[in-house]
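J.: Got a structure for you, questions after.
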Amino acid sequence: MTASLPEAMQAMEIAQPGGPEVLRPITVPVPVPGHGQIVIRVAWAGVNRPDALQRAGLYNPPANASALPGLECAGHVAAVGPGVTRWRPGDAVCALLPGGGYAQYALTRADHALPVPEGLTLREAACLPETCFTVWTNVVQRGSLKGGERFLVHGGTSGIGTTAIQIARALGARVFATAGSDEKCETCLSLGAEVAINYKDEDFAARMRAADGADLILDMVGGSYLPRNIKALADDGRLVQIAFLTGSKVELNFAEVMTRRLTITGSTLRPQSDLAKARLATELETHVWPMIARGALRPVMDSDFTLQDAPQAHRRIESPGHIGKIVMRVDHDD
């Protein structure tokens with residue numbers, strides 16, 4: 001069941017907690033797939049904010065995961081473990097990873113991989129898993145977004161934001177987005193947002209109240225946005241929190257939550273069980289992959305780097321200027 005794999009591979013490790021400069025090249029053994037697992041020859045690896053948090057020492061990987069950063073990739077199956085029936089060596093896949101994407105080979109569960117959608121390159125496919133898994137579980141499963149509802153996403157030009165705008169629009173929702181410049185607001189509108197709010201010039205809570213409030217808000221900012229989100233919600237509205245870029249602690253008056261019947265929830269993806277992620281993969285293939293096939297969803301690409309340029313990729317994702325996804329090219333044969 002296991003194809004011939006090299007013994008060693010090139011990867012980028014986190015030498016110690018710190019800034020982008022602590023990412024350094026290293027030679028490590030190639031992983032061997034166990035039961036229900038596959039090894040992917042990585043063509044492209046996605047770069048995400050959790051990678052930067054892990055690098056800074058603020059987001060430890062699960063105990064059974066690779067210590068190497070990297071939560072998503074696209075490439076070709078290199079080897080399959082016992083019990084794997086769907087995939088064969090050579091299949092083109094993109095996959096959610098428990099870690100280890102910043103390497104020439106990555107190990108993941110077979111049911112956390114998905115076929116590369118028809119018409120997409122491996123570079124584009126590497127942008128899909130982390131954002132699509134996150135948006136679907138939080139916007140659709142936890143947030144229960146329905147067609148016709150008013151949906152507000154903060155950080156509309158982030159990888160999560162660009163994906164959320166397109167998926168929400170494909171579901172028939174009215175989409176509102178915040179962004180930090182007029183150029184970014186134009187990007188949100190081009191992706192299907194009905195309204196794009198430059199948060200530097202306008203109060204998003206007041207704008208949403210003028211539109212009768214948001215039925216659902218997806219927020220990764222936190223901090224001072226939390227009470228403002230409460231003001232921006234319609235009665236019976238839902239707030240889904242997925243990150244805290246400006247802090248997780250704030251004073252909040254829960255009387256308004258009670259009297260207006262608001263729901264506050266949230267989640268993180270990486271600590272969820274293997275079974276939960278496998279079920280998410282099935283839902284994505286059933287509901288989201290057809291959106292890609294009909295052109296309703298397309299990855300928004302910011303820039304790409306080589307694996308050796310991982311420090312520069314991290315500087316880019318931590319800069320305020322990027323729009324969409326950042327990827328790293330790993331296998332130059334693809």
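Chain labels A, B, ... are given in the sequence in which chains occur in the structure tokens; within each chain residues are numbered consecutively from 1, and ligands are likewise numbered from 1 in the order shown.
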Can you pull out the residues contacting Gly155 in chain A? Cut-off 8 Å, using only C-alpha atoms, and skip same-chain residues under 4 positions away; I want them as a ChimeraX atom specification.
T.: /A:160-161,177-180,219-221
J.: As a PDB file with N, CA and C atoms, in the first residue's frame, which residues of range 31-213 of chain A does DSSP assign to strand (DSSP E)?
T.:
ATOM      1  N   GLN A  37      -4.294   6.863   6.692  1.00  0.00           N
ATOM      2  CA  GLN A  37      -3.551   8.078   6.389  1.00  0.00           C
ATOM      3  C   GLN A  37      -2.967   8.044   4.981  1.00  0.00           C
ATOM      4  N   ILE A  38      -2.645   9.230   4.473  1.00  0.00           N
ATOM      5  CA  ILE A  38      -1.938   9.356   3.206  1.00  0.00           C
ATOM      6  C   ILE A  38      -0.771  10.321   3.386  1.00  0.00           C
ATOM      7  N   VAL A  39       0.228  10.161   2.544  1.00  0.00           N
ATOM      8  CA  VAL A  39       1.325  11.122   2.450  1.00  0.00           C
ATOM      9  C   VAL A  39       1.191  11.836   1.111  1.00  0.00           C
ATOM     10  N   ILE A  40       1.259  13.150   1.151  1.00  0.00           N
ATOM     11  CA  ILE A  40       1.120  13.981  -0.043  1.00  0.00           C
ATOM     12  C   ILE A  40       2.473  14.578  -0.399  1.00  0.00           C
ATOM     13  N   ARG A  41       2.861  14.457  -1.663  1.00  0.00           N
ATOM     14  CA  ARG A  41       4.016  15.209  -2.156  1.00  0.00           C
ATOM     15  C   ARG A  41       3.535  16.631  -2.391  1.00  0.00           C
ATOM     16  N   VAL A  42       3.977  17.541  -1.578  1.00  0.00           N
ATOM     17  CA  VAL A  42       3.421  18.888  -1.546  1.00  0.00           C
ATOM     18  C   VAL A  42       3.919  19.695  -2.741  1.00  0.00           C
ATOM     19  N   ALA A  43       2.982  20.198  -3.520  1.00  0.00           N
ATOM     20  CA  ALA A  43       3.313  21.122  -4.603  1.00  0.00           C
ATOM     21  C   ALA A  43       3.245  22.565  -4.111  1.00  0.00           C
ATOM     22  N   TRP A  44       2.155  22.885  -3.406  1.00  0.00           N
ATOM     23  CA  TRP A  44       1.946  24.222  -2.865  1.00  0.00           C
ATOM     24  C   TRP A  44       1.415  24.104  -1.445  1.00  0.00           C
ATOM     25  N   ALA A  45       1.884  24.958  -0.564  1.00  0.00           N
ATOM     26  CA  ALA A  45       1.418  24.996   0.816  1.00  0.00           C
ATOM     27  C   ALA A  45       0.777  26.351   1.096  1.00  0.00           C
ATOM     28  N   GLY A  46      -0.382  26.333   1.736  1.00  0.00           N
ATOM     29  CA  GLY A  46      -1.028  27.574   2.124  1.00  0.00           C
ATOM     30  C   GLY A  46      -0.365  28.182   3.352  1.00  0.00           C
ATOM     31  N   VAL A  47      -0.394  29.509   3.421  1.00  0.00           N
ATOM     32  CA  VAL A  47       0.145  30.250   4.566  1.00  0.00           C
ATOM     33  C   VAL A  47      -1.027  30.921   5.267  1.00  0.00           C
ATOM     34  N   GLU A  72      -2.455  23.407   5.447  1.00  0.00           N
ATOM     35  CA  GLU A  72      -3.146  23.029   4.212  1.00  0.00           C
ATOM     36  C   GLU A  72      -2.121  22.922   3.088  1.00  0.00           C
ATOM     37  N   CYS A  73      -2.443  22.090   2.099  1.00  0.00           N
ATOM     38  CA  CYS A  73      -1.550  21.951   0.955  1.00  0.00           C
ATOM     39  C   CYS A  73      -2.322  21.384  -0.219  1.00  0.00           C
ATOM     40  N   ALA A  74      -1.684  21.410  -1.354  1.00  0.00           N
ATOM     41  CA  ALA A  74      -2.167  20.705  -2.546  1.00  0.00           C
ATOM     42  C   ALA A  74      -0.977  20.026  -3.188  1.00  0.00           C
ATOM     43  N   GLY A  75      -1.221  18.877  -3.788  1.00  0.00           N
ATOM     44  CA  GLY A  75      -0.153  18.126  -4.435  1.00  0.00           C
ATOM     45  C   GLY A  75      -0.664  16.787  -4.908  1.00  0.00           C
ATOM     46  N   HIS A  76       0.196  15.806  -4.931  1.00  0.00           N
ATOM     47  CA  HIS A  76      -0.173  14.470  -5.385  1.00  0.00           C
ATOM     48  C   HIS A  76       0.068  13.449  -4.282  1.00  0.00           C
ATOM     49  N   VAL A  77      -0.840  12.498  -4.196  1.00  0.00           N
ATOM     50  CA  VAL A  77      -0.683  11.429  -3.219  1.00  0.00           C
ATOM     51  C   VAL A  77       0.603  10.664  -3.540  1.00  0.00           C
ATOM     52  N   ALA A  78       1.460  10.527  -2.527  1.00  0.00           N
ATOM     53  CA  ALA A  78       2.727   9.812  -2.706  1.00  0.00           C
ATOM     54  C   ALA A  78       2.657   8.407  -2.146  1.00  0.00           C
ATOM     55  N   ALA A  79       1.853   8.214  -1.100  1.00  0.00           N
ATOM     56  CA  ALA A  79       1.735   6.897  -0.475  1.00  0.00           C
ATOM     57  C   ALA A  79       0.444   6.846   0.322  1.00  0.00           C
ATOM     58  N   VAL A  80      -0.118   5.663   0.431  1.00  0.00           N
ATOM     59  CA  VAL A  80      -1.351   5.468   1.202  1.00  0.00           C
ATOM     60  C   VAL A  80      -1.107   4.385   2.242  1.00  0.00           C
ATOM     61  N   ALA A  92      -4.319  13.803  -7.634  1.00  0.00           N
ATOM     62  CA  ALA A  92      -4.179  15.212  -7.268  1.00  0.00           C
ATOM     63  C   ALA A  92      -5.183  15.553  -6.179  1.00  0.00           C
ATOM     64  N   VAL A  93      -4.699  16.065  -5.061  1.00  0.00           N
ATOM     65  CA  VAL A  93      -5.563  16.356  -3.925  1.00  0.00           C
ATOM     66  C   VAL A  93      -5.180  17.692  -3.297  1.00  0.00           C
ATOM     67  N   CYS A  94      -6.127  18.244  -2.537  1.00  0.00           N
ATOM     68  CA  CYS A  94      -5.818  19.299  -1.584  1.00  0.00           C
ATOM     69  C   CYS A  94      -6.306  18.798  -0.237  1.00  0.00           C
ATOM     70  N   ALA A  95      -5.692  19.235   0.836  1.00  0.00           N
ATOM     71  CA  ALA A  95      -5.996  18.607   2.118  1.00  0.00           C
ATOM     72  C   ALA A  95      -5.804  19.558   3.283  1.00  0.00           C
ATOM     73  N   LEU A  96      -6.630  19.339   4.293  1.00  0.00           N
ATOM     74  CA  LEU A  96      -6.435  19.955   5.596  1.00  0.00           C
ATOM     75  C   LEU A  96      -5.410  19.122   6.353  1.00  0.00           C
ATOM     76  N   TYR A 105       6.901  16.715   1.856  1.00  0.00           N
ATOM     77  CA  TYR A 105       5.882  15.673   2.025  1.00  0.00           C
ATOM     78  C   TYR A 105       5.102  15.966   3.306  1.00  0.00           C
ATOM     79  N   ALA A 106       3.799  15.727   3.259  1.00  0.00           N
ATOM     80  CA  ALA A 106       2.948  15.988   4.417  1.00  0.00           C
ATOM     81  C   ALA A 106       2.028  14.807   4.669  1.00  0.00           C
ATOM     82  N   LEU A 107       1.794  14.534   5.929  1.00  0.00           N
ATOM     83  CA  LEU A 107       0.948  13.422   6.359  1.00  0.00           C
ATOM     84  C   LEU A 107      -0.403  13.950   6.812  1.00  0.00           C
ATOM     85  N   THR A 108      -1.480  13.288   6.384  1.00  0.00           N
ATOM     86  CA  THR A 108      -2.811  13.646   6.868  1.00  0.00           C
ATOM     87  C   THR A 108      -3.718  12.439   6.780  1.00  0.00           C
ATOM     88  N   ARG A 109      -4.881  12.554   7.368  1.00  0.00           N
ATOM     89  CA  ARG A 109      -5.875  11.493   7.236  1.00  0.00           C
ATOM     90  C   ARG A 109      -6.450  11.505   5.820  1.00  0.00           C
ATOM     91  N   ALA A 113      -8.711  14.815   2.970  1.00  0.00           N
ATOM     92  CA  ALA A 113      -8.275  15.241   1.640  1.00  0.00           C
ATOM     93  C   ALA A 113      -9.479  15.297   0.702  1.00  0.00           C
ATOM     94  N   LEU A 114      -9.368  16.160  -0.276  1.00  0.00           N
ATOM     95  CA  LEU A 114     -10.428  16.343  -1.270  1.00  0.00           C
ATOM     96  C   LEU A 114      -9.799  16.390  -2.658  1.00  0.00           C
ATOM     97  N   PRO A 115     -10.536  16.003  -3.676  1.00  0.00           N
ATOM     98  CA  PRO A 115      -9.985  16.112  -5.021  1.00  0.00           C
ATOM     99  C   PRO A 115      -9.795  17.569  -5.418  1.00  0.00           C
ATOM    100  N   ARG A 150     -29.084  38.928   6.248  1.00  0.00           N
ATOM    101  CA  ARG A 150     -28.012  39.921   6.161  1.00  0.00           C
ATOM    102  C   ARG A 150     -26.798  39.378   6.916  1.00  0.00           C
ATOM    103  N   PHE A 151     -25.707  39.232   6.190  1.00  0.00           N
ATOM    104  CA  PHE A 151     -24.478  38.634   6.725  1.00  0.00           C
ATOM    105  C   PHE A 151     -23.363  39.657   6.667  1.00  0.00           C
ATOM    106  N   LEU A 152     -22.717  39.896   7.814  1.00  0.00           N
ATOM    107  CA  LEU A 152     -21.576  40.809   7.888  1.00  0.00           C
ATOM    108  C   LEU A 152     -20.317  40.022   8.207  1.00  0.00           C
ATOM    109  N   VAL A 153     -19.293  40.187   7.380  1.00  0.00           N
ATOM    110  CA  VAL A 153     -17.994  39.564   7.650  1.00  0.00           C
ATOM    111  C   VAL A 153     -16.955  40.663   7.806  1.00  0.00           C
ATOM    112  N   ARG A 174     -27.578  38.293   1.763  1.00  0.00           N
ATOM    113  CA  ARG A 174     -27.163  39.673   1.475  1.00  0.00           C
ATOM    114  C   ARG A 174     -25.867  39.910   2.244  1.00  0.00           C
ATOM    115  N   VAL A 175     -24.796  40.224   1.540  1.00  0.00           N
ATOM    116  CA  VAL A 175     -23.476  40.239   2.155  1.00  0.00           C
ATOM    117  C   VAL A 175     -22.992  41.670   2.385  1.00  0.00           C
ATOM    118  N   PHE A 176     -22.542  41.917   3.605  1.00  0.00           N
ATOM    119  CA  PHE A 176     -21.907  43.165   3.994  1.00  0.00           C
ATOM    120  C   PHE A 176     -20.499  42.808   4.475  1.00  0.00           C
ATOM    121  N   ALA A 177     -19.535  43.690   4.231  1.00  0.00           N
ATOM    122  CA  ALA A 177     -18.159  43.394   4.618  1.00  0.00           C
ATOM    123  C   ALA A 177     -17.471  44.661   5.097  1.00  0.00           C
ATOM    124  N   THR A 178     -16.500  44.498   6.000  1.00  0.00           N
ATOM    125  CA  THR A 178     -15.650  45.609   6.389  1.00  0.00           C
ATOM    126  C   THR A 178     -14.241  45.373   5.858  1.00  0.00           C
ATOM    127  N   ALA A 179     -13.559  46.461   5.580  1.00  0.00           N
ATOM    128  CA  ALA A 179     -12.172  46.405   5.110  1.00  0.00           C
ATOM    129  C   ALA A 179     -11.518  47.745   5.423  1.00  0.00           C
ATOM    130  N   VAL A 195     -22.618  45.659   0.236  1.00  0.00           N
ATOM    131  CA  VAL A 195     -22.081  46.868   0.859  1.00  0.00           C
ATOM    132  C   VAL A 195     -20.702  46.544   1.420  1.00  0.00           C
ATOM    133  N   ALA A 196     -19.734  47.427   1.180  1.00  0.00           N
ATOM    134  CA  ALA A 196     -18.403  47.304   1.769  1.00  0.00           C
ATOM    135  C   ALA A 196     -18.137  48.567   2.578  1.00  0.00           C
ATOM    136  N   ILE A 197     -17.787  48.397   3.849  1.00  0.00           N
ATOM    137  CA  ILE A 197     -17.636  49.499   4.788  1.00  0.00           C
ATOM    138  C   ILE A 197     -16.159  49.681   5.124  1.00  0.00           C
ATOM    139  N   ASN A 198     -15.624  50.851   4.825  1.00  0.00           N
ATOM    140  CA  ASN A 198     -14.256  51.175   5.219  1.00  0.00           C
ATOM    141  C   ASN A 198     -14.284  51.529   6.701  1.00  0.00           C
TER     142      ASN A 198
END
J.: Interatomic distance between CA of Glu186 in chain A and CA of Thr157 in chain A?
T.: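 Distance between the two atoms: 9.7 Å.
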J.: To one decimal place in Å, what is the distance between CA of Asp51 in chain A and CA of Thr131 in chain A?
T.: 13.4 Å
J.: Quick one, how far is CA of Asp304 in chain A from CA of Arg329 in chain A?
T.: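 Distance between the two atoms: 7.0 Å.
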J.: According to DSSP computed on the backbone, where in range 67-247 of chain A is there helix (DSSP H, G or I)? Give the residues as a PyMOL selection string.
T.: chain A and resi 110-112+122-125+128-142+159-170+182-191+204-210+225-232
J.: Write out as a ChimeraX atom specification which residues come within 10 Å of Gly321 in chain A when counting only C-alpha atoms, dropping same-chain ones fewer than 2 positions away.
T.: /A:157-158,180-181,184,302,316-319,323-324
J.: Take the residues just selected and output them with all heavy atoms as a PDB file, in the first residue's frame.
T.:
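Result went into again_2.pdb, see below:
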ATOM      1  N   THR A 157     -11.256  41.149   3.001  1.00  0.00           N
ATOM      2  CA  THR A 157     -10.258  40.790   1.981  1.00  0.00           C
ATOM      3  C   THR A 157      -9.225  39.797   2.498  1.00  0.00           C
ATOM      4  O   THR A 157      -8.252  39.498   1.805  1.00  0.00           O
ATOM      5  CB  THR A 157      -9.533  42.037   1.443  1.00  0.00           C
ATOM      6  OG1 THR A 157      -8.965  42.764   2.543  1.00  0.00           O
ATOM      7  CG2 THR A 157     -10.495  42.932   0.682  1.00  0.00           C
ATOM      8  N   SER A 158      -9.403  39.275   3.689  1.00  0.00           N
ATOM      9  CA  SER A 158      -8.548  38.190   4.162  1.00  0.00           C
ATOM     10  C   SER A 158      -8.909  36.914   3.423  1.00  0.00           C
ATOM     11  O   SER A 158      -9.905  36.853   2.685  1.00  0.00           O
ATOM     12  CB  SER A 158      -8.744  37.987   5.664  1.00  0.00           C
ATOM     13  OG  SER A 158     -10.069  37.540   5.935  1.00  0.00           O
ATOM     14  N   GLY A 180     -10.176  47.787   5.310  1.00  0.00           N
ATOM     15  CA  GLY A 180      -9.440  48.945   5.790  1.00  0.00           C
ATOM     16  C   GLY A 180      -9.003  49.949   4.760  1.00  0.00           C
ATOM     17  O   GLY A 180      -8.227  50.856   5.071  1.00  0.00           O
ATOM     18  N   SER A 181      -9.463  49.818   3.507  1.00  0.00           N
ATOM     19  CA  SER A 181      -9.118  50.805   2.484  1.00  0.00           C
ATOM     20  C   SER A 181     -10.173  50.778   1.401  1.00  0.00           C
ATOM     21  O   SER A 181     -10.932  49.804   1.270  1.00  0.00           O
ATOM     22  CB  SER A 181      -7.738  50.507   1.876  1.00  0.00           C
ATOM     23  OG  SER A 181      -7.791  49.334   1.072  1.00  0.00           O
ATOM     24  N   LYS A 184      -9.596  47.820  -0.890  1.00  0.00           N
ATOM     25  CA  LYS A 184     -10.091  46.565  -0.338  1.00  0.00           C
ATOM     26  C   LYS A 184     -11.614  46.503  -0.386  1.00  0.00           C
ATOM     27  O   LYS A 184     -12.195  45.436  -0.629  1.00  0.00           O
ATOM     28  CB  LYS A 184      -9.583  46.384   1.092  1.00  0.00           C
ATOM     29  CG  LYS A 184      -8.092  46.089   1.183  1.00  0.00           C
ATOM     30  CD  LYS A 184      -7.669  45.782   2.608  1.00  0.00           C
ATOM     31  CE  LYS A 184      -6.219  45.334   2.669  1.00  0.00           C
ATOM     32  NZ  LYS A 184      -5.809  44.947   4.032  1.00  0.00           N
ATOM     33  N   ASP A 302      -3.217  36.471  -3.332  1.00  0.00           N
ATOM     34  CA  ASP A 302      -2.426  37.671  -3.085  1.00  0.00           C
ATOM     35  C   ASP A 302      -1.027  37.530  -3.676  1.00  0.00           C
ATOM     36  O   ASP A 302      -0.607  38.327  -4.509  1.00  0.00           O
ATOM     37  CB  ASP A 302      -2.322  37.935  -1.582  1.00  0.00           C
ATOM     38  CG  ASP A 302      -1.445  39.126  -1.253  1.00  0.00           C
ATOM     39  OD1 ASP A 302      -1.946  40.257  -1.331  1.00  0.00           O
ATOM     40  OD2 ASP A 302      -0.245  38.938  -0.945  1.00  0.00           O
ATOM     41  N   ARG A 316       4.524  38.974   4.904  1.00  0.00           N
ATOM     42  CA  ARG A 316       3.421  39.424   4.062  1.00  0.00           C
ATOM     43  C   ARG A 316       2.074  39.201   4.745  1.00  0.00           C
ATOM     44  O   ARG A 316       1.222  40.089   4.740  1.00  0.00           O
ATOM     45  CB  ARG A 316       3.457  38.681   2.721  1.00  0.00           C
ATOM     46  CG  ARG A 316       2.342  39.061   1.747  1.00  0.00           C
ATOM     47  CD  ARG A 316       2.417  40.521   1.357  1.00  0.00           C
ATOM     48  NE  ARG A 316       1.335  40.879   0.436  1.00  0.00           N
ATOM     49  CZ  ARG A 316       1.030  42.132   0.105  1.00  0.00           C
ATOM     50  NH1 ARG A 316       1.741  43.138   0.594  1.00  0.00           N
ATOM     51  NH2 ARG A 316       0.035  42.381  -0.721  1.00  0.00           N
ATOM     52  N   ILE A 317       1.878  38.036   5.356  1.00  0.00           N
ATOM     53  CA  ILE A 317       0.572  37.775   5.957  1.00  0.00           C
ATOM     54  C   ILE A 317       0.350  38.630   7.200  1.00  0.00           C
ATOM     55  O   ILE A 317      -0.792  38.910   7.575  1.00  0.00           O
ATOM     56  CB  ILE A 317       0.381  36.279   6.278  1.00  0.00           C
ATOM     57  CG1 ILE A 317      -1.123  35.967   6.393  1.00  0.00           C
ATOM     58  CG2 ILE A 317       1.118  35.858   7.543  1.00  0.00           C
ATOM     59  CD1 ILE A 317      -1.462  34.514   6.401  1.00  0.00           C
ATOM     60  N   GLU A 318       1.436  39.061   7.818  1.00  0.00           N
ATOM     61  CA  GLU A 318       1.301  39.925   8.987  1.00  0.00           C
ATOM     62  C   GLU A 318       1.265  41.405   8.628  1.00  0.00           C
ATOM     63  O   GLU A 318       1.108  42.248   9.512  1.00  0.00           O
ATOM     64  CB  GLU A 318       2.439  39.642   9.967  1.00  0.00           C
ATOM     65  CG  GLU A 318       2.331  38.264  10.618  1.00  0.00           C
ATOM     66  CD  GLU A 318       3.435  37.961  11.597  1.00  0.00           C
ATOM     67  OE1 GLU A 318       4.619  38.255  11.292  1.00  0.00           O
ATOM     68  OE2 GLU A 318       3.132  37.420  12.672  1.00  0.00           O
ATOM     69  N   SER A 319       1.364  41.714   7.345  1.00  0.00           N
ATOM     70  CA  SER A 319       1.260  43.099   6.902  1.00  0.00           C
ATOM     71  C   SER A 319      -0.205  43.429   6.626  1.00  0.00           C
ATOM     72  O   SER A 319      -1.007  42.542   6.338  1.00  0.00           O
ATOM     73  CB  SER A 319       2.076  43.318   5.625  1.00  0.00           C
ATOM     74  OG  SER A 319       1.414  42.751   4.503  1.00  0.00           O
ATOM     75  N   ILE A 323      -4.237  41.022   0.135  1.00  0.00           N
ATOM     76  CA  ILE A 323      -5.630  40.766  -0.232  1.00  0.00           C
ATOM     77  C   ILE A 323      -5.725  39.321  -0.703  1.00  0.00           C
ATOM     78  O   ILE A 323      -5.137  38.952  -1.717  1.00  0.00           O
ATOM     79  CB  ILE A 323      -6.114  41.722  -1.345  1.00  0.00           C
ATOM     80  CG1 ILE A 323      -6.139  43.171  -0.830  1.00  0.00           C
ATOM     81  CG2 ILE A 323      -7.492  41.319  -1.852  1.00  0.00           C
ATOM     82  CD1 ILE A 323      -6.520  44.193  -1.887  1.00  0.00           C
ATOM     83  N   GLY A 324      -6.423  38.496   0.045  1.00  0.00           N
ATOM     84  CA  GLY A 324      -6.581  37.103  -0.341  1.00  0.00           C
ATOM     85  C   GLY A 324      -5.496  36.228   0.232  1.00  0.00           C
ATOM     86  O   GLY A 324      -4.859  36.535   1.244  1.00  0.00           O
TER      87      GLY A 324
END
J.: Near Ser303 in chain A, counting only C-alpha atoms, which residues have an atom at most 8 Å away, once you skip same-chain residues fewer than 6 positions from it, shown as a compact mmCIF listing (two decimals) with C-alpha atoms, in the first residue's frame?
T.:
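File produced: out.txt:
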# COMPACT_ATOMS: atom_id res chain seq x y z
CA LYS A 325 -4.42 34.03 0.10
CA ILE A 326 -0.67 33.59 0.29
CA VAL A 327 0.94 30.33 -0.82
J.: Just checking: using only C-alpha atoms, which residue out of A:Met9, A:Ala56, A:Ala232, A:Ala110 ends up closest to Ala278 in chain A?
T.: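 Result for the nearest residue to Ala278 in chain A: A:Ala110.
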J.: Skip range 284-286 of chain A itself and residues of its chain fewer than 6 positions away, then list as a VMD selection string all residues within 8 Å of it, counting only C-alpha atoms.
T.: chain A and resid 114 132 to 133 136
J.: Using only C-alpha atoms, which of the listed residues (A:Val116, A:Leu53, A:Ala313, A:Leu280) sits closest to Gly18 in chain A?
T.: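 Counting only C-alpha atoms, the residue closest to Gly18 in chain A is A:Leu53.
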J.: Could you build a table of the residues in range 111-152 of chain A lying no more than 10 Å from range 256-265 of chain A, giving for each the nearest pair of atoms and their separation in Å rounded to one decimal place, using only C-alpha atoms, ordered by chain and ascending residue number, as CSV?
T.:
residue,atom,partner,partner_atom,distance
A:Asn138,CA,A:Thr265,CA,9.0
A:Arg142,CA,A:Thr265,CA,7.6
A:Gly143,CA,A:Thr265,CA,8.3
J.: Atoms to include: N, CA, C and O atoms. Write the selected residues as a compact mmCIF listing (two decimals), in the first residue's frame.
T.:
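As written to disk, out.txt reads:
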# COMPACT_ATOMS: atom_id res chain seq x y z
N ASN A 138 -18.35 27.58 10.51
CA ASN A 138 -18.77 28.73 11.32
C ASN A 138 -19.94 29.50 10.73
O ASN A 138 -20.82 29.95 11.47
N ARG A 142 -22.50 26.51 12.45
CA ARG A 142 -22.73 27.22 13.71
C ARG A 142 -23.59 28.46 13.52
O ARG A 142 -24.42 28.78 14.36
N GLY A 143 -23.35 29.18 12.43
CA GLY A 143 -24.08 30.43 12.20
C GLY A 143 -25.44 30.26 11.55
O GLY A 143 -26.26 31.19 11.57
J.: Mind checking which residues fall within 9 Å of Leu171 in chain A, counting only C-alpha atoms, ignoring those fewer than 2 positions away in the same chain, and posting them as a PyMOL selection string?
T.: chain A and resi 145-148+166-169+173
J.: Skipping near chain neighbours, those fewer than 2 positions away, what residues fall within 7 Å of Gly237 in chain A using only C-alpha atoms, listed as a list of chain:residue names?
T.: A:Ala214, A:Asp215, A:Leu216, A:Leu233, A:Ala234, A:Asp235, A:Leu239, A:Leu262, A:Thr263
